[in-house]
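The file input10.txt comes next; it holds compact mmCIF, C-alpha atoms.
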# COMPACT_ATOMS: atom_id res chain seq x y z
CA MET A 465 67.80 81.05 133.71
CA VAL A 466 67.67 77.51 132.36
CA LEU A 467 63.94 77.97 131.74
CA TRP A 468 64.63 81.13 129.74
CA GLN A 469 67.35 79.38 127.71
CA LEU A 470 64.99 76.49 126.95
CA PHE A 471 62.17 78.82 125.97
CA LYS A 472 64.40 81.00 123.79
CA THR A 473 66.04 78.03 122.04
CA PHE A 474 62.76 76.36 121.14
CA LEU A 475 61.06 79.65 120.24
CA VAL A 476 63.75 80.26 117.61
CA MET A 477 63.46 76.65 116.45
CA GLY A 478 59.69 77.00 116.19
CA PHE A 479 60.10 79.79 113.66
CA VAL A 480 62.28 77.73 111.31
CA SER A 481 60.87 74.26 111.83
CA PHE A 482 60.17 73.32 108.22
CA GLY A 483 59.96 69.90 106.67
CA GLY A 484 59.03 67.69 109.54
CA GLY A 485 60.70 66.79 112.79
CA TYR A 486 63.71 64.90 111.48
CA ALA A 487 65.02 67.99 109.68
CA MET A 488 65.24 69.72 113.05
CA ILE A 489 67.64 67.13 114.52
CA PRO A 490 70.83 68.95 113.47
CA LEU A 491 69.53 72.15 115.04
CA ILE A 492 68.42 70.37 118.22
CA GLU A 493 71.84 68.72 118.41
CA THR A 494 73.72 72.01 117.95
CA GLU A 495 71.75 73.72 120.70
CA VAL A 496 71.82 70.79 123.13
CA THR A 497 75.61 70.50 122.77
CA LYS A 498 76.05 74.26 123.11
CA TYR A 499 74.30 74.33 126.47
CA GLY A 500 75.50 70.88 127.55
CA TRP A 501 71.95 69.68 128.19
CA MET A 502 72.59 66.02 127.34
CA THR A 503 74.97 63.56 125.66
CA ALA A 504 74.59 62.45 122.02
CA GLU A 505 73.52 58.99 123.16
CA LYS A 506 70.83 60.31 125.49
CA LEU A 507 69.64 62.67 122.76
CA THR A 508 69.15 59.72 120.40
CA ASN A 509 67.12 57.98 123.11
CA VAL A 510 65.04 61.12 123.51
CA ILE A 511 64.38 61.26 119.76
CA ALA A 512 63.36 57.59 119.90
CA ILE A 513 60.84 58.34 122.66
CA ALA A 514 59.63 61.38 120.72
CA GLY A 515 59.03 59.09 117.74
CA MET A 516 57.15 56.58 119.87
CA SER A 517 54.51 59.15 120.84
CA PRO A 518 51.91 60.83 118.68
CA GLY A 519 52.48 64.51 117.86
CA PRO A 520 55.23 66.38 116.03
CA ILE A 521 58.66 64.83 116.61
CA ALA A 522 60.42 68.18 117.01
CA THR A 523 57.93 69.38 119.63
CA ASN A 524 58.04 66.03 121.43
CA SER A 525 61.85 66.17 121.55
CA ALA A 526 61.67 69.73 122.89
CA ILE A 527 59.29 68.61 125.66
CA LEU A 528 61.61 65.74 126.65
CA ILE A 529 64.76 67.88 126.59
CA GLY A 530 62.92 70.47 128.67
CA TYR A 531 61.81 67.85 131.17
CA SER A 532 65.24 66.30 131.54
CA THR A 533 66.88 69.72 132.00
CA ALA A 534 64.39 71.50 134.24
CA GLY A 535 61.54 69.16 135.21
CA ILE A 536 57.86 69.71 134.46
CA MET A 537 58.28 73.50 134.14
CA GLY A 538 61.05 72.90 131.62
CA ALA A 539 58.73 70.68 129.59
CA ILE A 540 55.98 73.32 129.65
CA VAL A 541 58.17 76.28 128.61
CA SER A 542 59.78 74.22 125.84
CA ALA A 543 56.38 73.21 124.47
CA ILE A 544 55.14 76.80 124.59
CA GLY A 545 58.34 77.94 122.86
CA MET A 546 57.73 75.51 120.00
CA LEU A 547 54.00 76.26 119.70
CA LEU A 548 54.04 80.06 119.96
CA PRO A 549 55.55 80.63 116.48
CA SER A 550 52.85 78.44 114.89
CA MET A 551 50.22 80.44 116.75
CA ILE A 552 51.65 83.81 115.67
CA LEU A 553 52.37 82.86 112.06
CA VAL A 554 49.00 81.16 111.56
CA ALA A 555 47.28 84.29 112.89
CA ILE A 556 49.22 86.50 110.45
CA VAL A 557 48.66 84.18 107.50
CA SER A 558 44.93 83.80 108.30
CA ALA A 559 44.50 87.55 108.47
CA PHE A 560 46.47 88.63 105.41
CA PHE A 561 47.72 85.79 103.25
CA ILE A 562 45.01 83.19 102.98
CA LYS A 563 46.24 82.26 99.48
CA LEU A 564 49.88 82.13 100.63
CA HIS A 565 50.55 78.70 99.14
CA HIS A 566 49.72 80.04 95.66
CA ASN A 567 52.10 82.99 95.99
CA PRO A 568 55.02 82.71 93.49
CA ILE A 569 57.62 84.05 95.95
CA VAL A 570 56.54 81.60 98.63
CA GLN A 571 56.72 78.84 96.06
CA SER A 572 60.26 79.81 95.06
CA ILE A 573 61.29 79.98 98.73
CA PHE A 574 60.11 76.40 99.14
CA TYR A 575 61.84 75.44 95.91
CA GLY A 576 65.08 76.29 97.76
CA ILE A 577 64.13 75.17 101.27
CA LYS A 578 62.90 71.68 100.37
CA PRO A 579 66.24 70.37 99.05
CA LEU A 580 67.94 71.92 102.06
CA VAL A 581 65.54 70.06 104.32
CA ALA A 582 66.71 66.91 102.52
CA SER A 583 70.35 67.91 103.26
CA LEU A 584 69.47 68.41 106.93
CA ILE A 585 67.93 64.95 107.20
CA ILE A 586 70.83 63.31 105.34
CA TYR A 587 73.27 65.18 107.59
CA ALA A 588 71.37 63.90 110.64
CA SER A 589 71.52 60.32 109.39
CA ILE A 590 75.29 60.58 108.76
CA LYS A 591 75.89 62.04 112.22
CA PHE A 592 73.74 59.43 113.94
CA SER A 593 75.26 56.56 111.97
CA PHE A 594 78.63 57.55 113.37
CA SER A 595 77.47 58.15 116.94
CA ASN A 596 75.75 54.74 116.97
CA ASN A 597 78.77 52.88 115.54
CA LEU A 598 76.92 51.95 112.36
CA ILE A 599 79.86 53.15 110.28
CA SER A 600 82.92 51.42 111.65
CA THR A 601 85.93 49.56 110.33
CA GLU A 602 85.94 47.21 113.26
CA LEU A 603 84.21 43.87 112.76
CA SER A 604 82.72 43.02 116.11
CA PHE A 605 79.50 41.46 117.34
CA LEU A 606 78.20 44.96 118.05
CA THR A 607 78.83 46.38 114.58
CA ILE A 608 77.49 43.31 112.75
CA SER A 609 74.35 43.13 114.88
CA SER A 610 73.86 46.89 114.54
CA PHE A 611 74.08 46.60 110.80
CA LEU A 612 71.51 43.79 110.73
CA ILE A 613 69.12 45.73 112.96
CA PHE A 614 69.52 48.76 110.69
CA GLY A 615 68.84 46.76 107.52
CA LEU A 616 65.84 44.93 108.94
CA SER A 617 64.32 48.13 110.38
CA LEU A 618 64.69 49.87 107.04
CA LEU A 619 63.13 46.90 105.25
CA ALA A 620 60.21 46.79 107.70
CA ILE A 621 59.40 50.46 107.40
CA MET A 622 60.16 51.00 103.73
CA LYS A 623 59.07 47.81 101.99
CA LEU A 624 56.73 46.12 104.46
CA LYS A 625 55.18 49.48 105.46
CA TRP A 626 55.10 48.66 109.14
CA HIS A 627 53.94 51.28 111.57
CA PRO A 628 57.03 52.95 113.15
CA LEU A 629 55.75 52.15 116.63
CA TYR A 630 55.84 48.39 115.91
CA VAL A 631 59.35 48.65 114.48
CA ILE A 632 60.54 50.46 117.62
CA LEU A 633 58.86 48.01 120.00
CA LEU A 634 60.15 44.93 118.17
CA SER A 635 63.61 46.46 117.93
CA GLY A 636 63.55 47.00 121.70
CA LEU A 637 62.81 43.31 122.26
CA VAL A 638 65.63 42.35 119.89
CA GLY A 639 67.93 44.64 121.88
CA VAL A 640 67.00 42.99 125.17
CA ALA A 641 67.65 39.56 123.62
CA LEU A 642 70.99 40.52 122.09
CA TYR A 643 72.63 42.94 124.48
CA SER A 644 71.53 42.14 128.04
CA MET B 332 28.41 84.51 125.59
CA GLU B 333 27.49 81.03 126.69
CA LYS B 334 27.13 80.04 123.06
CA GLN B 335 30.68 81.19 122.36
CA TRP B 336 32.07 79.17 125.25
CA LYS B 337 30.21 76.14 123.97
CA LEU B 338 31.75 76.57 120.51
CA LEU B 339 35.24 76.98 121.97
CA PHE B 340 34.82 73.88 124.07
CA GLN B 341 33.56 71.93 121.05
CA LEU B 342 36.63 73.02 119.08
CA PHE B 343 38.93 72.06 121.91
CA TRP B 344 37.25 68.68 122.37
CA CYS B 345 37.22 67.89 118.64
CA PHE B 346 40.97 68.28 118.34
CA PHE B 347 41.61 66.72 121.73
CA LYS B 348 39.97 63.53 120.42
CA ILE B 349 41.72 63.62 117.02
CA SER B 350 45.19 64.51 118.30
CA PRO B 351 46.37 61.09 119.56
CA VAL B 352 46.22 59.65 116.00
CA THR B 353 48.74 62.18 114.69
CA PHE B 354 51.42 59.59 114.97
CA GLY B 355 54.57 60.86 113.30
CA GLY B 356 52.72 63.38 111.20
CA GLY B 357 49.71 65.58 110.83
CA PHE B 358 48.41 64.02 107.62
CA ALA B 359 47.04 61.08 109.61
CA MET B 360 44.49 63.58 110.94
CA ILE B 361 42.80 64.25 107.60
CA PRO B 362 40.29 61.35 107.57
CA LEU B 363 39.20 62.17 111.13
CA ILE B 364 38.87 65.87 110.39
CA GLU B 365 36.69 64.97 107.43
CA LYS B 366 34.47 62.93 109.71
CA GLU B 367 34.30 65.27 112.73
CA ILE B 368 34.49 68.73 111.19
CA VAL B 369 33.09 68.28 107.71
CA GLU B 370 30.46 65.56 108.09
CA LYS B 371 29.36 65.80 111.71
CA ARG B 372 29.65 69.49 112.60
CA LYS B 373 29.57 70.91 109.06
CA TRP B 374 32.01 73.67 110.03
CA LEU B 375 33.98 73.38 106.78
CA THR B 376 33.73 71.75 103.36
CA SER B 377 36.11 69.07 102.06
CA GLU B 378 37.75 71.62 99.76
CA ASP B 379 38.39 73.91 102.73
CA VAL B 380 40.19 71.08 104.51
CA THR B 381 42.43 70.37 101.50
CA ASP B 382 43.22 74.08 101.31
CA VAL B 383 44.00 74.32 105.03
CA PHE B 384 46.46 71.43 104.82
CA ALA B 385 48.21 72.94 101.79
CA LEU B 386 48.46 76.24 103.64
CA SER B 387 49.66 74.55 106.85
CA GLN B 388 52.72 73.22 105.08
CA THR B 389 53.89 76.72 104.21
CA VAL B 390 54.02 77.72 107.88
CA PRO B 391 56.80 76.33 110.10
CA GLY B 392 55.74 73.86 112.77
CA GLY B 393 53.86 70.58 112.86
CA VAL B 394 51.18 70.16 110.21
CA ALA B 395 48.71 68.89 112.84
CA VAL B 396 49.22 71.94 115.04
CA ASN B 397 49.11 74.40 112.15
CA SER B 398 46.00 72.97 110.52
CA ALA B 399 44.17 72.81 113.85
CA THR B 400 45.06 76.45 114.49
CA PHE B 401 43.93 77.47 110.99
CA ILE B 402 40.62 75.65 111.39
CA GLY B 403 40.18 77.13 114.89
CA THR B 404 40.77 80.65 113.54
CA ARG B 405 38.23 80.15 110.77
CA ILE B 406 35.55 78.91 113.10
CA GLY B 407 36.13 80.95 116.25
CA GLY B 408 38.66 83.72 115.55
CA GLN B 409 41.66 84.17 117.86
CA LYS B 410 39.95 82.41 120.77
CA GLY B 411 39.00 79.55 118.49
CA ALA B 412 42.64 79.26 117.38
CA MET B 413 43.72 79.05 121.01
CA ALA B 414 41.09 76.41 121.84
CA ALA B 415 42.07 74.25 118.84
CA LEU B 416 45.80 74.65 119.53
CA ILE B 417 45.45 73.59 123.15
CA GLY B 418 43.13 70.77 122.14
CA VAL B 419 45.53 69.36 119.57
CA SER B 420 48.64 69.78 121.76
CA LEU B 421 47.50 68.71 125.23
CA PRO B 422 47.04 64.94 124.64
CA THR B 423 50.37 64.50 122.87
CA PHE B 424 52.09 66.66 125.50
CA LEU B 425 50.76 64.42 128.26
CA ILE B 426 51.57 61.19 126.41
CA VAL B 427 55.16 62.16 125.58
CA LEU B 428 55.71 63.53 129.09
CA THR B 429 54.44 60.30 130.68
CA LEU B 430 56.74 58.23 128.48
CA GLY B 431 59.64 60.59 129.23
CA ILE B 432 59.09 60.54 132.99
CA SER B 433 58.99 56.73 132.97
CA TYR B 434 62.17 56.62 130.89
CA PHE B 435 64.12 59.04 133.08
CA PHE B 436 62.80 57.24 136.17
CA ILE B 437 64.13 53.79 135.18
CA HIS B 438 66.92 54.74 132.79
CA ASP B 439 69.67 52.98 134.75
CA ASN B 440 68.08 49.63 134.13
CA LEU B 441 70.30 47.18 132.18
CA LYS B 442 67.45 45.69 130.14
CA LEU B 443 66.19 49.15 129.14
CA ASP B 444 69.72 50.13 128.14
CA ALA B 445 69.95 47.03 125.97
CA ALA B 446 66.56 47.77 124.38
CA PHE B 447 67.60 51.33 123.57
CA LYS B 448 70.88 50.16 122.06
CA SER B 449 68.79 48.49 119.35
CA ILE B 450 66.06 51.16 119.22
CA ARG B 451 68.67 53.86 118.50
CA ILE B 452 69.72 51.92 115.41
CA SER B 453 66.10 51.63 114.25
CA ILE B 454 65.74 55.39 114.68
CA VAL B 455 68.70 55.88 112.35
CA ALA B 456 66.87 53.66 109.84
CA MET B 457 63.77 55.85 110.17
CA ILE B 458 65.78 59.01 109.61
CA VAL B 459 67.29 57.44 106.49
CA TYR B 460 63.79 56.55 105.29
CA ALA B 461 62.60 60.10 105.98
CA ALA B 462 65.57 61.30 103.92
CA PHE B 463 64.50 59.11 100.96
CA LYS B 464 60.95 60.42 101.17
CA THR B 465 62.06 64.03 101.34
CA ILE B 466 64.45 63.62 98.41
CA LYS B 467 61.58 62.24 96.34
CA THR B 468 59.46 65.35 96.77
CA ALA B 469 62.21 67.98 97.05
CA ILE B 470 64.47 67.12 94.14
CA VAL B 471 62.63 68.20 91.02
CA ASP B 472 65.52 69.27 88.77
CA LYS B 473 69.31 69.80 88.58
CA THR B 474 69.22 73.01 90.65
CA THR B 475 67.43 71.42 93.60
CA CYS B 476 69.79 68.45 93.37
CA CYS B 477 72.78 70.83 93.56
CA ILE B 478 71.34 72.68 96.56
CA MET B 479 70.96 69.38 98.38
CA LEU B 480 74.43 68.08 97.49
CA VAL B 481 76.14 71.33 98.51
CA GLY B 482 73.98 71.54 101.62
CA ILE B 483 75.21 68.30 103.18
CA PRO B 484 78.92 69.20 103.57
CA ALA B 485 78.02 72.85 104.27
CA LEU B 486 76.10 71.76 107.36
CA PHE B 487 79.34 70.57 108.94
CA PHE B 488 80.48 74.21 108.96
CA ILE B 489 77.45 76.49 109.19
CA HIS B 490 74.57 76.75 111.64
CA PRO B 491 71.40 74.92 110.50
CA ILE B 492 69.32 78.12 110.74
CA ALA B 493 71.78 79.95 108.49
CA ALA B 494 71.54 77.02 106.07
CA ILE B 495 67.72 77.22 105.96
CA PHE B 496 67.87 80.96 105.19
CA ALA B 497 70.53 80.33 102.55
CA GLY B 498 68.26 77.71 100.96
CA ALA B 499 65.34 80.14 100.88
CA SER B 500 67.48 82.92 99.33
CA ILE B 501 68.93 80.59 96.72
CA GLY B 502 65.38 79.47 95.90
CA ILE B 503 64.18 83.03 95.26
CA LEU B 504 67.33 83.92 93.33
CA THR B 505 67.45 80.91 91.00
CA VAL B 506 63.74 81.04 90.20
CA TRP B 507 64.11 84.76 89.42
CA ILE B 508 67.17 84.20 87.19
CA LYS B 509 65.56 81.28 85.40
CA ARG B 510 62.36 83.23 84.76
CA LYS B 511 64.42 86.18 83.50
CA LYS B 512 66.24 83.92 81.07
CA GLY B 513 62.86 82.69 79.95
CA CYS B 514 63.22 79.13 81.21
CA LYS B 515 60.13 77.42 82.47
CA VAL B 516 60.58 76.36 86.08
CA GLU B 517 58.67 73.39 87.39
CA LEU B 518 58.49 74.28 91.09
CA GLU B 519 57.25 70.93 92.27
CA HIS B 520 56.25 67.54 90.99
CA ARG B 521 52.88 67.66 89.39
CA GLN B 522 50.28 66.71 91.94
CA ASP B 523 49.33 63.34 90.63
CA LYS B 524 47.98 60.70 92.98
CA GLU B 525 51.42 59.12 93.17
CA SER B 526 53.18 62.09 94.78
CA ASP B 527 50.34 63.52 96.87
CA PRO B 528 51.38 62.63 100.43
CA THR B 529 47.81 62.53 101.67
CA GLN B 530 46.86 59.76 99.26
CA HIS B 531 49.54 57.40 100.50
CA PRO B 532 49.34 54.96 103.37
CA ASP B 533 52.94 55.73 104.33
CA TYR B 534 52.52 59.50 104.29
CA PHE B 535 53.27 59.79 107.97
CA MET B 536 57.03 59.49 107.60
CA GLY B 537 59.02 62.48 106.50
CA ALA B 538 56.12 64.50 105.20
CA GLY B 539 54.83 67.23 107.42
CA ILE B 540 55.86 65.71 110.70
When written as structure tokens, how does the structure in this file appear?
Amino acid sequence: MVLWQLFKTFLVMGFVSFGGGYAMIPLIETEVTKYGWMTAEKLTNVIAIAGMSPGPIATNSAILIGYSTAGIMGAIVSAIGMLLPSMILVAIVSAFFIKLHHNPIVQSIFYGIKPLVASLIIYASIKFSFSNNLISTELSFLTISSFLIFGLSLLAIMKLKWHPLYVILLSGLVGVALYS
Amino acid sequence: MEKQWKLLFQLFWCFFKISPVTFGGGFAMIPLIEKEIVEKRKWLTSEDVTDVFALSQTVPGGVAVNSATFIGTRIGGQKGAMAALIGVSLPTFLIVLTLGISYFFIHDNLKLDAAFKSIRISIVAMIVYAAFKTIKTAIVDKTTCCIMLVGIPALFFIHPIAAIFAGASIGILTVWIKRKKGCKVELEHRQDKESDPTQHPDYFMGAGI
């Protein structure tokens, strides 16, 4: 039953997963909360681990959610759920629409989807800022340090062009130093 | 028969080797595909590869997975697609699963908890960065800006899938209306070197993950 729910959820997600993994966070969150698979905090950890590994972030998150909910089988059905739509759609496009990206209707669909993908990612960052106490009126050690970590991470990745893996690893060390 | 199996295995192995570099996005694969598939095996030309990546972005799913499946189909039909898909997915599946199993195994550790307290904040920073990158390529005029601005509060009330379909419908509708009124619609930024994600060292965030 759980395996079927996992497969179904990620199969549907696979069909709409446009614009990179981060745009799928709101959808992942909605589904995970609906089924009670994990808490918001654990989900953020899962997304962090998904971002630490190579491969698409949405698929990686699906694999981890599947594993935590139903073990290795859960991980396998979730991965298949995410990959099957790619397989099917690529087969259709290869057979009939090899010039799909030049099609005017497809281009106008993406004209509308791309800004919505931006909304999805902005929505995800607002949600996660709240769930990680980044936006808070309380001035405590936790909020100030969180804000510094946020600013420095953004600087490292945006201006200094660090590899995300290094940012995550260094941030982990900072966390151990500050919070343990 | 044996020749076909050899080709399928070669496809599988090619993508199996390339896959671990697809860190945070499929575009990191392009230089390696050039080397393995264009130069070494001569299965495709450079132009084919550019075309495949453009096409891959119009299909939902990871760019790495889609482009591997497209290339597999071209070279070995449906079986080739399967071989390439498994090849590109298996290494990352095993890596993420290993990391996940280790995390769930030791997740009650105080030091790990402390590390993740900080890592979660860095992930928020990465999502914000991905948002900046997406805005740069997605917002080409006032209409797209409106769609984005309306989309953010709307997401607090409607299901994300409904929102994606709404975005697609609005896209078709506005382009149709604008064309009818005789306005010229610039559907995307002109592909100069500056905005082409594959020409940038930081392409791996936000674009085609």
Practice task
Identify, on the basis of only C-alpha atoms, every residue whose closest approach to region 593-610 of chain A does not exceed 12 Å; exclude the query and any residue fewer than 2 positions from it along the same chain; express the result as a PyMOL selection string.
Solution key: (chain A and resi 503-509+586-591+612-617+635+638-639+641-643) or (chain B and resi 445+447-459)
Handout entry: Of the listed residues B:Lys511, B:Phe347, B:Thr389, B:Ile406, that which approaches chain A most closely, counting only C-alpha atoms
Key = B:Thr389
Around all the atoms of region 400-413 of chain B listed in the file, with 4 Å of room on each side, what axis-aligned box do you get, giving centre and edge lengths in Å to one decimal, as JSON?
{"center_x": 40.3, "center_y": 79.9, "center_z": 115.9, "size_x": 17.5, "size_y": 16.5, "size_z": 18.2}
Exercise for the section: Using only C-alpha atoms, find which residues of chain A lie within 6 Å of chain B and jot them down as an NGL selection string. Expected result: :A and (479-485 or 491 or 517-520 or 550 or 565 or 572-573 or 575-580 or 582-583 or 585-587 or 589 or 614 or 617-618 or 632 or 635-636 or 639-640 or 643-644)
Would you write out those residues with C-alpha atoms, as an mmCIF file, in the coordinates of the input?
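Contents of out_22.cif, freshly written:
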data_model
loop_
_atom_site.group_PDB
_atom_site.id
_atom_site.type_symbol
_atom_site.label_atom_id
_atom_site.label_comp_id
_atom_site.auth_asym_id
_atom_site.auth_seq_id
_atom_site.Cartn_x
_atom_site.Cartn_y
_atom_site.Cartn_z
ATOM 1 C CA PHE A 479 60.100 79.790 113.660
ATOM 2 C CA VAL A 480 62.280 77.730 111.310
ATOM 3 C CA SER A 481 60.870 74.260 111.830
ATOM 4 C CA PHE A 482 60.170 73.320 108.220
ATOM 5 C CA GLY A 483 59.960 69.900 106.670
ATOM 6 C CA GLY A 484 59.030 67.690 109.540
ATOM 7 C CA GLY A 485 60.700 66.790 112.790
ATOM 8 C CA LEU A 491 69.530 72.150 115.040
ATOM 9 C CA SER A 517 54.510 59.150 120.840
ATOM 10 C CA PRO A 518 51.910 60.830 118.680
ATOM 11 C CA GLY A 519 52.480 64.510 117.860
ATOM 12 C CA PRO A 520 55.230 66.380 116.030
ATOM 13 C CA SER A 550 52.850 78.440 114.890
ATOM 14 C CA HIS A 565 50.550 78.700 99.140
ATOM 15 C CA SER A 572 60.260 79.810 95.060
ATOM 16 C CA ILE A 573 61.290 79.980 98.730
ATOM 17 C CA TYR A 575 61.840 75.440 95.910
ATOM 18 C CA GLY A 576 65.080 76.290 97.760
ATOM 19 C CA ILE A 577 64.130 75.170 101.270
ATOM 20 C CA LYS A 578 62.900 71.680 100.370
ATOM 21 C CA PRO A 579 66.240 70.370 99.050
ATOM 22 C CA LEU A 580 67.940 71.920 102.060
ATOM 23 C CA ALA A 582 66.710 66.910 102.520
ATOM 24 C CA SER A 583 70.350 67.910 103.260
ATOM 25 C CA ILE A 585 67.930 64.950 107.200
ATOM 26 C CA ILE A 586 70.830 63.310 105.340
ATOM 27 C CA TYR A 587 73.270 65.180 107.590
ATOM 28 C CA SER A 589 71.520 60.320 109.390
ATOM 29 C CA PHE A 614 69.520 48.760 110.690
ATOM 30 C CA SER A 617 64.320 48.130 110.380
ATOM 31 C CA LEU A 618 64.690 49.870 107.040
ATOM 32 C CA ILE A 632 60.540 50.460 117.620
ATOM 33 C CA SER A 635 63.610 46.460 117.930
ATOM 34 C CA GLY A 636 63.550 47.000 121.700
ATOM 35 C CA GLY A 639 67.930 44.640 121.880
ATOM 36 C CA VAL A 640 67.000 42.990 125.170
ATOM 37 C CA TYR A 643 72.630 42.940 124.480
ATOM 38 C CA SER A 644 71.530 42.140 128.040
#
Exercise for the section: Identify, on the basis of all atoms listed in the file, every residue whose closest approach to region 527-531 of chain A does not exceed 6 Å; exclude the query and any residue fewer than 6 positions from it along the same chain; express the result as a list in words. Expected result: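 Residues meeting the cut-off are Gly538, Ala539, Ser542 and Ala543 of chain A.
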Problem - Atom pair CA of Val554 (chain A) / CA of Ala414 (chain B): separation (Å) - result: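 About the pair CA of Val554 (chain A) and CA of Ala414 (chain B): they are 13.8 Å apart.
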Exercise for the section: Work out how far apart CA of Arg372 (chain B) and CA of Phe560 (chain A) are and give it in Å to one decimal. Expected result: 26.5 Å
